[in-house]
Amino acid sequence: MNTKTTEGLVGARTNRNLLNTPMRVFKEARRKGDTETMKRAMGYADEFSGKAEDYKSEADKGMEEDARETREKAKLQREEAIQKRREEREKLEERIEGNRNADTNTDTVEISEEGKVLLKDNVDSGSIGSDEIKMDVVKEPVTYTKTGETVSAIDSEHVSQ
């Protein structure tokens with residue numbers, strides 16, 4: 001709470017409470033018919049009432065300042081939250097882009113027709129020994145990822161697109 005608001009509220013309440021005394025004196029003087037005391041009591045009552053109004057206007061100004069400060073703080077908090085979300089989104093996009101780039105940097109091995117013929121001739125010749133080549137029949141090219149997993153060439157085309 002703003003200092004002006006607090007001071008205004010306390011001052012207004014105090015002066016309203018102080019207003020009760022001259023009003024009591026006024027009522028008593030009226031019963032007695034003492035016009036001079038009534039005038040003096042009304043002067044004091046008017047003075048306390050005026051001070052209470054001044055303090056009330058000060059409290060109103062303080063509350064307006066409080067409201068303005070609250071709005072500014074809320075606006076700053078919203079802007080900070082928006083900026084934080086932007087940064088998080090940018091980091092996420094960078095991470096996603098890095099993953100996409102990691103997937104596209106894979107190598108593929110293709111065996112030429114000459115190599116296939118040589119491999120088949122070598123297997124058909126029936127060579128036995130430590131240099132024996134065993135052939136697994138592969139019908140389509142295979143792509144290896146960075147982790148060493150195999151992915152068929154058709155799947156790798158879908159991933160890179």
# chains A, B, ... in the order shown; residues from 1 in each chain; ligands from 1
>>> residues_around(residues="stretch 5-22 of chain A", least_positions_apart="6", cutoff="12 Å", atoms="only C-alpha atoms", output="ChimeraX atom specification")
/A:28-29,37-67
>>> select_by_dssp(residues="chain A", states="strand (DSSP E or B)", output="NGL selection string")
:A and (107-108 or 142-144 or 150-152)
>>> write_last_selection(atoms="C-alpha atoms", output="tab-separated table (two decimals), in the first residue's frame")
chain	number	residue	atom	x	y	z
A	107	ASP	CA	25.93	-42.38	-44.92
A	108	THR	CA	24.62	-44.92	-47.41
A	142	VAL	CA	20.36	-50.03	-46.15
A	143	THR	CA	21.24	-46.80	-44.33
A	144	TYR	CA	23.03	-46.72	-41.00
A	150	THR	CA	19.92	-49.86	-39.80
A	151	VAL	CA	17.18	-48.07	-41.63
A	152	SER	CA	15.96	-49.09	-45.05
>>> atom_distance(atom1="atom CA of A:Glu140", atom2="atom CA of A:Glu113")
13.2 Å
>>> select_by_dssp(residues="stretch 55-129 of chain A", states="helix (DSSP H, G or I)", output="PyMOL selection string")
chain A and resi 55-104+113-124
>>> atom_distance(atom1="atom CA of A:Lys73", atom2="atom CA of A:Thr3")
18.0 Å
